[in-house]
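Asker: So that you have it, the file is upload03.txt, and it contains compact mmCIF, C-alpha atoms and all ligand atoms:
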```
# COMPACT_ATOMS: atom_id res chain seq x y z
CA MET O 211 116.90 238.09 126.94
CA TYR O 212 118.54 239.45 130.07
CA ASN O 213 122.28 239.24 130.73
CA ILE O 214 122.81 238.84 134.45
CA THR O 215 126.00 238.36 136.44
CA LEU O 216 125.98 235.50 138.94
CA ILE O 217 128.57 235.47 141.72
CA PRO O 218 128.31 232.18 143.68
CA GLY O 219 130.56 233.39 146.54
CA ASP O 220 131.97 231.38 149.45
CA GLY O 221 130.72 228.77 151.92
CA ILE O 222 127.06 227.97 151.25
CA GLY O 223 127.06 230.53 148.42
CA PRO O 224 127.45 228.05 145.52
CA GLU O 225 124.68 225.81 146.91
CA VAL O 226 122.14 228.57 147.55
CA THR O 227 122.81 230.49 144.33
CA ASP O 228 122.55 227.26 142.33
CA SER O 229 119.16 226.62 143.92
CA ALA O 230 117.99 230.18 143.17
CA ARG O 231 119.22 230.02 139.60
CA LYS O 232 117.35 226.75 138.95
CA ILE O 233 114.13 228.23 140.33
CA ILE O 234 114.47 231.48 138.38
CA ASP O 235 115.16 229.53 135.19
CA ALA O 236 112.15 227.29 135.88
CA THR O 237 109.84 230.33 135.65
CA GLY O 238 110.74 230.51 131.96
CA VAL O 239 112.37 233.93 132.16
CA ASN O 240 115.07 234.18 129.54
CA ILE O 241 118.33 234.90 131.37
CA LYS O 242 121.86 234.38 130.13
CA TRP O 243 123.87 233.96 133.31
CA ASP O 244 127.42 235.22 133.30
CA VAL O 245 129.02 233.24 136.14
CA VAL O 246 132.10 234.86 137.66
CA ASN O 247 133.40 234.43 141.16
CA ALA O 248 135.10 236.43 143.89
CA GLY O 249 136.05 235.84 147.49
CA ALA O 250 138.09 233.59 149.74
CA SER O 251 137.70 230.47 147.56
CA VAL O 252 138.93 232.35 144.48
CA TYR O 253 141.81 233.78 146.49
CA GLU O 254 142.95 230.29 147.47
CA LYS O 255 143.09 229.20 143.83
CA ARG O 256 144.24 232.32 142.04
CA GLY O 257 145.76 234.59 144.68
CA VAL O 258 143.29 237.37 143.83
CA LEU O 259 140.07 238.21 145.66
CA VAL O 260 138.16 239.92 142.89
CA PRO O 261 139.43 238.96 139.43
CA ASP O 262 139.07 241.60 136.70
CA GLU O 263 136.35 239.61 134.92
CA VAL O 264 134.07 240.19 137.95
CA TYR O 265 134.24 243.96 137.57
CA SER O 266 133.84 243.83 133.80
CA SER O 267 130.84 241.49 134.06
CA ILE O 268 129.13 243.71 136.66
CA GLU O 269 129.81 246.84 134.63
CA LYS O 270 128.53 245.24 131.43
CA ASN O 271 125.41 243.54 132.79
CA LYS O 272 124.49 246.02 135.58
CA ILE O 273 122.35 243.40 137.35
CA VAL O 274 123.93 240.87 139.72
CA LEU O 275 122.73 237.95 141.80
CA LYS O 276 125.36 237.30 144.44
CA GLY O 277 126.08 234.67 147.06
CA PRO O 278 127.73 235.58 150.37
CA ILE O 279 131.45 236.23 150.53
CA THR O 280 133.58 235.43 153.57
CA THR O 281 135.38 238.31 155.27
CA PRO O 282 138.06 237.43 157.82
CA ILE O 283 137.56 238.92 161.30
CA GLY O 284 140.21 241.35 162.56
CA CYS O 285 143.26 241.11 160.30
CA GLY O 286 143.15 240.09 156.64
CA PHE O 287 141.44 241.66 153.66
CA ARG O 288 138.63 244.18 153.95
CA SER O 289 135.09 243.17 153.05
CA ILE O 290 134.53 242.64 149.32
CA ASN O 291 130.83 243.25 149.94
CA VAL O 292 131.46 246.67 151.42
CA MET O 293 133.96 247.43 148.66
CA LEU O 294 131.47 246.56 145.88
CA ARG O 295 128.72 248.63 147.50
CA LYS O 296 131.03 251.64 147.71
CA LYS O 297 132.66 251.18 144.31
CA TYR O 298 129.33 251.08 142.50
CA ASP O 299 127.63 253.55 144.84
CA LEU O 300 124.90 251.06 145.75
CA PHE O 301 123.48 253.46 148.29
CA ALA O 302 120.25 251.69 149.22
CA ASN O 303 120.31 248.34 150.95
CA ILE O 304 116.69 247.20 150.96
CA ARG O 305 115.71 244.24 153.13
CA PRO O 306 112.07 243.13 153.35
CA VAL O 307 111.17 241.09 156.42
CA LYS O 308 107.82 239.36 156.18
CA LYS O 309 106.25 236.60 158.23
CA ILE O 310 105.75 233.44 156.16
CA ASN O 311 102.69 231.37 157.02
CA GLY O 312 103.45 227.88 158.22
CA LEU O 313 106.42 228.77 160.39
CA VAL O 314 105.91 228.98 164.13
CA THR O 315 107.28 232.35 165.20
CA PRO O 316 106.44 234.68 168.11
CA PHE O 317 104.54 237.17 165.91
CA ASN O 318 102.09 236.68 163.06
CA ASP O 319 102.00 240.14 161.61
CA ILE O 320 105.54 241.19 160.73
CA ASP O 321 105.75 242.94 157.40
CA LEU O 322 108.42 245.60 157.30
CA VAL O 323 111.19 246.79 155.03
CA ILE O 324 114.57 248.05 156.19
CA PHE O 325 116.27 250.80 154.17
CA ARG O 326 119.88 250.81 155.25
CA GLU O 327 122.31 253.49 154.07
CA ASN O 328 124.92 251.37 152.33
CA THR O 329 127.97 253.47 151.53
CA GLU O 330 129.18 255.33 154.62
CA GLY O 331 128.65 255.57 158.40
CA LEU O 332 130.97 253.32 160.38
CA TYR O 333 131.54 251.22 157.25
CA SER O 334 133.52 253.99 155.57
CA GLY O 335 136.68 251.99 156.20
CA VAL O 336 138.47 254.89 157.86
CA GLU O 337 140.23 253.15 160.73
CA ASN O 338 143.50 254.11 162.34
CA GLN O 339 145.80 252.55 164.87
CA ARG O 340 146.83 255.59 166.88
CA ASP O 341 149.27 253.61 169.00
CA ASN O 342 149.57 250.07 170.31
CA ASP O 343 146.70 250.55 172.73
CA THR O 344 144.38 252.82 170.78
CA ALA O 345 142.43 252.22 167.60
CA GLU O 346 139.83 254.51 166.11
CA ALA O 347 137.11 254.24 163.47
CA ILE O 348 135.68 257.35 161.89
CA LYS O 349 131.95 257.53 161.25
CA ILE O 350 131.14 259.59 158.19
CA ILE O 351 127.63 260.83 157.56
CA THR O 352 126.92 263.09 154.60
CA ARG O 353 123.85 265.09 153.70
CA LYS O 354 123.88 263.66 150.16
CA ALA O 355 123.82 259.99 151.24
CA SER O 356 121.34 260.60 154.05
CA MET O 357 118.91 262.51 151.85
CA ARG O 358 118.89 259.91 149.10
CA ILE O 359 118.31 256.90 151.39
CA ALA O 360 115.57 258.84 153.20
CA ARG O 361 113.94 259.66 149.88
CA GLU O 362 114.10 256.01 148.76
CA ALA O 363 112.37 254.93 151.96
CA PHE O 364 109.59 257.50 151.67
CA ILE O 365 109.03 256.84 147.98
CA TYR O 366 108.78 253.13 148.74
CA ALA O 367 106.31 253.84 151.55
CA LYS O 368 104.18 256.03 149.30
CA ASN O 369 104.19 253.58 146.38
CA ASN O 370 103.29 250.67 148.63
CA ASN O 371 100.56 252.36 150.67
CA LYS O 372 102.54 252.34 153.90
CA CYS O 373 101.52 254.89 156.50
CA LYS O 374 104.68 255.09 158.58
CA VAL O 375 108.43 255.44 158.21
CA ALA O 376 110.62 254.95 161.29
CA VAL O 377 114.01 256.64 161.37
CA VAL O 378 116.39 254.77 163.67
CA HIS O 379 119.28 256.79 165.13
CA LYS O 380 121.36 257.60 168.18
CA ALA O 381 121.32 261.36 167.77
CA ASN O 382 121.03 261.91 171.50
CA ILE O 383 124.67 260.78 171.82
CA MET O 384 126.11 261.15 168.31
CA LYS O 385 124.76 264.62 167.91
CA LEU O 386 126.65 265.61 164.77
CA THR O 387 126.64 262.38 162.73
CA ASP O 388 123.32 260.81 163.68
CA GLY O 389 122.00 264.32 164.23
CA LEU O 390 122.65 265.11 160.56
CA PHE O 391 121.07 261.84 159.45
CA LEU O 392 117.97 262.53 161.53
CA ASP O 393 117.71 266.09 160.23
CA CYS O 394 117.88 264.84 156.65
CA VAL O 395 115.13 262.28 157.20
CA ARG O 396 112.98 264.96 158.86
CA GLU O 397 113.57 267.25 155.89
CA VAL O 398 112.58 264.58 153.35
CA SER O 399 109.51 263.67 155.39
CA ILE O 400 108.10 267.17 154.85
CA ASP O 401 107.51 266.22 151.21
CA PHE O 402 105.38 263.25 152.33
CA PRO O 403 102.83 264.75 154.74
CA GLU O 404 100.56 261.71 154.45
CA ILE O 405 103.26 259.46 155.95
CA GLU O 406 103.92 259.51 159.69
CA LEU O 407 107.57 259.83 160.72
CA GLN O 408 108.43 257.71 163.76
CA GLU O 409 111.71 258.71 165.44
CA VAL O 410 113.22 255.86 167.42
CA ILE O 411 116.57 255.63 169.20
CA VAL O 412 118.37 252.44 168.16
CA ASP O 413 118.53 250.76 171.57
CA ASN O 414 114.83 251.36 172.13
CA MET O 415 114.17 250.08 168.59
CA CYS O 416 115.80 246.74 169.45
CA MET O 417 113.39 246.32 172.35
CA GLN O 418 110.38 247.56 170.38
CA LEU O 419 111.12 245.12 167.57
CA VAL O 420 111.30 242.08 169.83
CA MET O 421 108.13 243.11 171.69
CA ASN O 422 105.90 244.71 169.10
CA PRO O 423 107.33 244.55 165.57
CA SER O 424 103.99 245.19 163.87
CA LYS O 425 104.29 248.85 164.90
CA TYR O 426 106.77 249.31 162.05
CA GLU O 427 106.32 249.27 158.29
CA VAL O 428 109.40 250.96 156.85
CA ILE O 429 112.65 251.55 158.73
CA VAL O 430 115.34 253.91 157.48
CA THR O 431 118.68 253.96 159.21
CA THR O 432 122.44 254.23 158.97
CA ASN O 433 124.78 251.49 157.81
CA LEU O 434 125.71 249.69 161.04
CA TYR O 435 122.30 249.96 162.73
CA GLY O 436 120.68 248.67 159.54
CA ASP O 437 122.98 245.68 159.48
CA ILE O 438 122.27 244.77 163.09
CA LEU O 439 118.52 245.36 162.88
CA SER O 440 118.33 243.19 159.74
CA ASP O 441 119.64 240.15 161.59
CA LEU O 442 117.41 240.91 164.56
CA CYS O 443 114.36 241.08 162.30
CA ALA O 444 115.44 237.89 160.51
CA GLY O 445 115.34 236.15 163.88
CA LEU O 446 111.75 237.29 164.37
CA ILE O 447 110.48 235.51 161.25
CA GLY O 448 112.44 232.28 161.46
CA GLY O 449 116.08 233.06 160.79
CA LEU O 450 118.68 234.31 158.37
CA GLY O 451 117.77 231.75 155.74
CA LEU O 452 114.62 233.73 154.93
CA VAL O 453 115.56 237.37 154.44
CA PRO O 454 116.46 238.67 150.98
CA GLY O 455 118.11 241.93 150.06
CA ALA O 456 118.93 244.34 147.27
CA ASN O 457 121.80 246.81 146.96
CA ILE O 458 120.55 249.48 144.60
CA GLY O 459 122.47 252.30 142.97
CA ASN O 460 121.67 254.62 140.10
CA ASP O 461 123.17 252.35 137.51
CA ILE O 462 123.94 248.93 139.02
CA ALA O 463 122.01 246.64 141.38
CA ILE O 464 123.31 243.64 143.33
CA PHE O 465 120.80 241.24 144.87
CA GLU O 466 121.91 239.07 147.78
CA ALA O 467 120.64 237.50 150.99
CA VAL O 468 121.18 239.15 154.37
CA HIS O 469 123.05 236.08 155.63
CA GLY O 470 126.74 235.31 155.30
CA SER O 471 128.66 232.32 154.02
CA ALA O 472 127.67 230.08 156.98
CA PRO O 473 130.91 228.07 157.03
CA ASP O 474 129.45 225.78 159.74
CA ILE O 475 127.04 224.19 157.25
CA ALA O 476 128.82 224.79 153.93
CA GLY O 477 129.05 221.96 151.42
CA LYS O 478 126.56 219.76 153.30
CA ASN O 479 123.41 220.42 151.24
CA LEU O 480 121.80 221.76 154.43
CA ALA O 481 121.52 225.47 153.69
CA ASN O 482 118.20 227.20 153.35
CA SER O 483 118.27 228.89 149.95
CA ILE O 484 115.04 230.88 150.38
CA ALA O 485 116.81 234.16 151.18
CA VAL O 486 118.69 234.02 147.88
CA ILE O 487 115.63 232.76 146.00
CA LEU O 488 113.64 235.74 147.30
CA SER O 489 116.55 238.02 146.43
CA GLY O 490 116.18 236.60 142.92
CA ALA O 491 112.47 237.45 143.04
CA MET O 492 113.37 241.03 144.03
CA MET O 493 115.75 241.08 141.07
CA LEU O 494 113.05 239.91 138.64
CA ASN O 495 110.70 242.59 139.97
CA TYR O 496 113.45 245.18 139.51
CA ILE O 497 113.99 244.25 135.86
CA GLY O 498 110.26 244.40 135.18
CA GLU O 499 109.39 240.68 135.44
CA LYS O 500 106.83 241.22 138.18
CA GLU O 501 104.69 238.23 137.24
CA LYS O 502 107.62 235.79 137.39
CA SER O 503 108.74 237.38 140.62
CA ASN O 504 105.32 236.79 142.19
CA LEU O 505 105.32 233.24 140.88
CA ILE O 506 108.49 232.55 142.85
CA ILE O 507 107.25 234.27 146.01
CA ASN O 508 104.01 232.28 145.91
CA ALA O 509 105.85 229.00 145.31
CA VAL O 510 108.16 229.69 148.27
CA HIS O 511 105.23 230.52 150.55
CA LYS O 512 103.30 227.45 149.40
CA THR O 513 106.29 225.17 149.98
CA ILE O 514 106.79 226.52 153.47
CA SER O 515 103.13 226.37 154.42
CA GLU O 516 102.93 222.74 153.21
CA GLY O 517 105.72 222.07 155.71
CA LYS O 518 106.98 218.93 153.95
CA TYR O 519 110.27 220.13 152.55
CA LEU O 520 111.78 222.42 155.13
CA THR O 521 115.50 222.68 155.78
CA LYS O 522 116.94 222.06 159.23
CA ASP O 523 117.03 225.75 160.25
CA LEU O 524 113.23 225.82 159.74
CA GLY O 525 112.71 222.70 161.82
CA GLY O 526 112.62 220.20 158.93
CA THR O 527 114.90 217.53 157.54
CA ALA O 528 114.96 218.43 153.84
CA SER O 529 118.18 219.14 152.00
CA THR O 530 118.77 222.29 149.95
CA THR O 531 118.11 220.31 146.77
CA ASP O 532 114.91 218.69 148.15
CA MET O 533 113.53 222.11 149.00
CA THR O 534 114.58 223.51 145.62
CA ASP O 535 112.75 220.69 143.80
CA ALA O 536 109.63 221.24 145.92
CA ILE O 537 109.60 224.95 145.11
CA ILE O 538 110.01 224.22 141.39
CA GLU O 539 107.12 221.78 141.64
CA ASN O 540 105.01 224.52 143.26
CA LEU O 541 105.80 226.96 140.45
CA ARG O 542 103.63 224.86 138.20
P1 LIG O 601 126.22 233.82 158.75
O1 LIG O 601 125.03 234.58 158.30
O2 LIG O 601 127.06 233.21 157.71
O3 LIG O 601 125.76 232.66 159.76
C1 LIG O 601 125.14 232.92 161.02
C2 LIG O 601 124.36 231.66 161.45
O4 LIG O 601 123.20 231.53 160.64
C3 LIG O 601 125.16 230.37 161.27
O5 LIG O 601 124.84 229.50 162.31
C4 LIG O 601 124.66 229.82 159.94
O6 LIG O 601 124.74 228.41 159.84
C5 LIG O 601 123.21 230.30 159.93
N1 LIG O 601 122.77 230.55 158.56
C6 LIG O 601 123.09 231.61 157.80
N2 LIG O 601 122.55 231.50 156.60
C7 LIG O 601 121.86 230.35 156.59
C8 LIG O 601 121.08 229.68 155.60
N3 LIG O 601 120.91 230.19 154.38
N4 LIG O 601 120.52 228.48 155.92
C9 LIG O 601 120.68 227.97 157.15
N5 LIG O 601 121.40 228.55 158.13
C10 LIG O 601 121.99 229.74 157.85
O7 LIG O 601 127.05 234.83 159.65
P2 LIG O 601 128.55 234.71 160.19
O8 LIG O 601 128.84 233.32 160.64
O9 LIG O 601 128.67 235.82 161.13
O10 LIG O 601 129.45 235.05 158.93
C11 LIG O 601 130.13 234.09 158.13
C12 LIG O 601 130.90 234.82 157.06
O11 LIG O 601 130.00 235.46 156.14
C13 LIG O 601 131.81 235.94 157.58
O12 LIG O 601 133.04 235.88 156.90
C14 LIG O 601 131.06 237.21 157.26
O13 LIG O 601 131.91 238.30 157.09
C15 LIG O 601 130.40 236.82 155.95
N6 LIG O 601 129.20 237.60 155.63
C16 LIG O 601 129.02 237.92 154.31
C17 LIG O 601 127.90 238.60 153.93
C18 LIG O 601 127.72 238.89 152.48
O14 LIG O 601 128.45 238.38 151.64
N7 LIG O 601 126.78 239.72 152.10
C19 LIG O 601 126.87 239.03 154.90
C20 LIG O 601 127.14 238.60 156.25
C21 LIG O 601 128.28 237.93 156.59
```
Taking this structure as input, can you express it in the form of structure tokens?
Answerer:
Amino acid sequence: MYNITLIPGDGIGPEVTDSARKIIDATGVNIKWDVVNAGASVYEKRGVLVPDEVYSSIEKNKIVLKGPITTPIGCGFRSINVMLRKKYDLFANIRPVKKINGLVTPFNDIDLVIFRENTEGLYSGVENQRDNDTAEAIKIITRKASMRIAREAFIYAKNNNKCKVAVVHKANIMKLTDGLFLDCVREVSIDFPEIELQEVIVDNMCMQLVMNPSKYEVIVTTNLYGDILSDLCAGLIGGLGLVPGANIGNDIAIFEAVHGSAPDIAGKNLANSIAVILSGAMMLNYIGEKEKSNLIINAVHKTISEGKYLTKDLGGTASTTDMTDAIIENLR
């Protein structure tokens, strides 16, 4: 039996994690879910954003399936997501973006994985108000963090028979920070002579991705660029409701969708839960339940290609629960 922490989160989080949990349980995998919550909804009730039981559950179980957590824009508390990634040194944010048959999208051959450095860059949280009219954010890039995310990306490429890794940077302008990141990726690439290193400046990458995404197989990049490119790539395959993610460290792993708490559709049974379901499949693969993971991926693909139970964001009229039931049916 596996002990796994489940954090439902805010907004659509409880709906989409409930859907994912039902589907994971329906595969027959023996999981004891430890449900603890954090975020804006918890703050409203208890006056604390991350209760102690959340940390102790994560530290005990090591594996987490998490819904999105709301972060206020501008003033207010800092992101709990960023805090958890830094606290547990979850250095690799891995986001696979793959075209799903049955959805009408501009490209038919997108199959890439983004490796986003997850602990530093412009997300280091070092911001200062110099005076009333001047604010600054400090971008921190270290050799240690850059080398390990680069290595993760190349190891993934090698293990999955990918021929190319693209490093996305802006080293022409940010010569020291992005320059260091680029140098580290180049250094790691020397150990993988069979894999081509593509060096792409981030603005060019945005254009390349919307014109010819099949040129890319694995993308490795810094924190902010990785975040932006993930949403861009999600748009290419049908939207944020489809892209899963993993935050991997040496000891702890948190699996969550790329999307946020979607307050505009929260509580309406409208959300597409596939991104969290596929995050759950990544989690099962990570803990060694590859067969069950594939079962879920196949059931999701089958449900989408049948086209009968699609949520509104995918052009259908099904509710979250309708789609969940259809996926469970397709597991069988
Ligand atoms: P968002 O991803 O929540 O929503 C953007 C748009 O995509 C909205 O129109 C939403 O309805 C739609 N959408 C997102 N997920 C969907 C799904 N599963 N099914 C159908 N439609 C979906 O991004 P937004 O509005 O910028 O952020 C909302 C909140 O979420 C913010 O407080 C933000 O900080 C937080 N957030 C949290 C993340 C996390 O916990 N990992 C990640 C991204 C944002």
Asker: Residues around (128.9, 260.3, 159.6), cut-off 9 Å, counting all atoms listed in the file - what are they as a count of residues only?
Answerer: 15
Asker: Please indicate the distance in Å from CA of Ile310 (chain O) to CA of Ile514 (chain O), rounded to one decimal place.
Answerer: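 So the answer is 7.5 Å.
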Asker: Could you please give me, as a ChimeraX atom specification, the residues of protein, DNA or RNA lying at most 7 Å from (130.5, 238.1, 156.1) in the coordinate frame of the file, considering all atoms listed in the file?
Answerer: /O:278-281,470-471
Asker: Would you name the residues within 8 Å of ligand LIG 601 (chain O), counting all atoms listed in the file, and put them as a ChimeraX atom specification?
Answerer: /O:219,221-222,226,276-283,289-291,449-452,466-475,480-486,521-523
Asker: Restricted to C-alpha atoms, what would the selected residues look like written as a PDB file, in the frame of the given file?
Answerer:
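again-v5.pdb was written with the following content:
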```pdb
ATOM      1  CA  GLY O 219     130.560 233.390 146.540  1.00  0.00           C
ATOM      2  CA  GLY O 221     130.720 228.770 151.920  1.00  0.00           C
ATOM      3  CA  ILE O 222     127.060 227.970 151.250  1.00  0.00           C
ATOM      4  CA  VAL O 226     122.140 228.570 147.550  1.00  0.00           C
ATOM      5  CA  LYS O 276     125.360 237.300 144.440  1.00  0.00           C
ATOM      6  CA  GLY O 277     126.080 234.670 147.060  1.00  0.00           C
ATOM      7  CA  PRO O 278     127.730 235.580 150.370  1.00  0.00           C
ATOM      8  CA  ILE O 279     131.450 236.230 150.530  1.00  0.00           C
ATOM      9  CA  THR O 280     133.580 235.430 153.570  1.00  0.00           C
ATOM     10  CA  THR O 281     135.380 238.310 155.270  1.00  0.00           C
ATOM     11  CA  PRO O 282     138.060 237.430 157.820  1.00  0.00           C
ATOM     12  CA  ILE O 283     137.560 238.920 161.300  1.00  0.00           C
ATOM     13  CA  SER O 289     135.090 243.170 153.050  1.00  0.00           C
ATOM     14  CA  ILE O 290     134.530 242.640 149.320  1.00  0.00           C
ATOM     15  CA  ASN O 291     130.830 243.250 149.940  1.00  0.00           C
ATOM     16  CA  GLY O 449     116.080 233.060 160.790  1.00  0.00           C
ATOM     17  CA  LEU O 450     118.680 234.310 158.370  1.00  0.00           C
ATOM     18  CA  GLY O 451     117.770 231.750 155.740  1.00  0.00           C
ATOM     19  CA  LEU O 452     114.620 233.730 154.930  1.00  0.00           C
ATOM     20  CA  GLU O 466     121.910 239.070 147.780  1.00  0.00           C
ATOM     21  CA  ALA O 467     120.640 237.500 150.990  1.00  0.00           C
ATOM     22  CA  VAL O 468     121.180 239.150 154.370  1.00  0.00           C
ATOM     23  CA  HIS O 469     123.050 236.080 155.630  1.00  0.00           C
ATOM     24  CA  GLY O 470     126.740 235.310 155.300  1.00  0.00           C
ATOM     25  CA  SER O 471     128.660 232.320 154.020  1.00  0.00           C
ATOM     26  CA  ALA O 472     127.670 230.080 156.980  1.00  0.00           C
ATOM     27  CA  PRO O 473     130.910 228.070 157.030  1.00  0.00           C
ATOM     28  CA  ASP O 474     129.450 225.780 159.740  1.00  0.00           C
ATOM     29  CA  ILE O 475     127.040 224.190 157.250  1.00  0.00           C
ATOM     30  CA  LEU O 480     121.800 221.760 154.430  1.00  0.00           C
ATOM     31  CA  ALA O 481     121.520 225.470 153.690  1.00  0.00           C
ATOM     32  CA  ASN O 482     118.200 227.200 153.350  1.00  0.00           C
ATOM     33  CA  SER O 483     118.270 228.890 149.950  1.00  0.00           C
ATOM     34  CA  ILE O 484     115.040 230.880 150.380  1.00  0.00           C
ATOM     35  CA  ALA O 485     116.810 234.160 151.180  1.00  0.00           C
ATOM     36  CA  VAL O 486     118.690 234.020 147.880  1.00  0.00           C
ATOM     37  CA  THR O 521     115.500 222.680 155.780  1.00  0.00           C
ATOM     38  CA  LYS O 522     116.940 222.060 159.230  1.00  0.00           C
ATOM     39  CA  ASP O 523     117.030 225.750 160.250  1.00  0.00           C
TER      40      ASP O 523
END
```
Asker: Pick out the closest residue to Lys297 (chain O) from this set: O:Gly459, O:Gly477, O:Gly448, O:Gly249. Count only C-alpha atoms.
Answerer: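 Of all the options, O:Gly459 lies closest to Lys297 (chain O).
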Asker: Between CA of Val260 (chain O) and CA of Ile217 (chain O), what is the distance in Å, rounded to a tenth?
Answerer: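 Computing it gives 10.6 Å between the two atoms.
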Asker: What does the structure give for the distance between CA of Ile411 (chain O) and CA of Ile359 (chain O), in Å to one decimal?
Answerer: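 Distance between the two atoms: 17.9 Å.
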Asker: Quick one: residues within 10 Å of Gly445 (chain O), only C-alpha atoms, excluding same-chain residues fewer than 5 positions away - as a PyMOL selection string?
Answerer: chain O and resi 307+315-316+420+439-440+450-453
Asker: Neighbours of Thr215 (chain O) within 8 Å (all atoms listed in the file; same-chain residues fewer than 6 positions away dropped), as a PDB file with C-alpha atoms, keeping the file's coordinate frame?
Answerer:
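After the write, part_32.pdb holds the following:
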```pdb
ATOM      1  CA  TRP O 243     123.870 233.960 133.310  1.00  0.00           C
ATOM      2  CA  ASP O 244     127.420 235.220 133.300  1.00  0.00           C
ATOM      3  CA  VAL O 245     129.020 233.240 136.140  1.00  0.00           C
ATOM      4  CA  VAL O 246     132.100 234.860 137.660  1.00  0.00           C
ATOM      5  CA  SER O 267     130.840 241.490 134.060  1.00  0.00           C
ATOM      6  CA  ILE O 268     129.130 243.710 136.660  1.00  0.00           C
ATOM      7  CA  ASN O 271     125.410 243.540 132.790  1.00  0.00           C
ATOM      8  CA  LYS O 272     124.490 246.020 135.580  1.00  0.00           C
ATOM      9  CA  ILE O 273     122.350 243.400 137.350  1.00  0.00           C
ATOM     10  CA  VAL O 274     123.930 240.870 139.720  1.00  0.00           C
ATOM     11  CA  LEU O 275     122.730 237.950 141.800  1.00  0.00           C
TER      12      LEU O 275
END
```
Asker: In terms of the shortest atom-to-atom distance over all atoms listed in the file, which of O:Val252, O:Leu392, O:Ile304, O:Ala456 is closest to Arg353 (chain O)?
Answerer: O:Leu392
Asker: Out of O:Ile405, O:Met421, O:Met415, O:Ala528, which residue has the shortest atom-to-atom distance to Asn371 (chain O) when counting only C-alpha atoms?
Answerer: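 Looking only at the distances to Asn371 (chain O), the closest residue turns out to be O:Ile405.
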Asker: Could you name the residues that touch region 373-376 of chain O at 10 Å or less, counting all atoms listed in the file, but leaving out those on the same chain fewer than 5 positions away, as a PyMOL selection string?
Answerer: chain O and resi 322-325+360+363-364+366-368+395+399+404-411+415+425-431
Asker: Which residue, O:Val258, O:Met492, O:Ala536, O:Leu442, has the smallest gap to Lys518 (chain O) when you use all atoms listed in the file?
Answerer: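 Closest to Lys518 (chain O) of all the choices is O:Ala536.
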Asker: Between O:Glu499, O:Asp393, O:Asp532, O:Asp437, which is the closest to Tyr333 (chain O) once you count all atoms listed in the file?
Answerer: O:Asp437
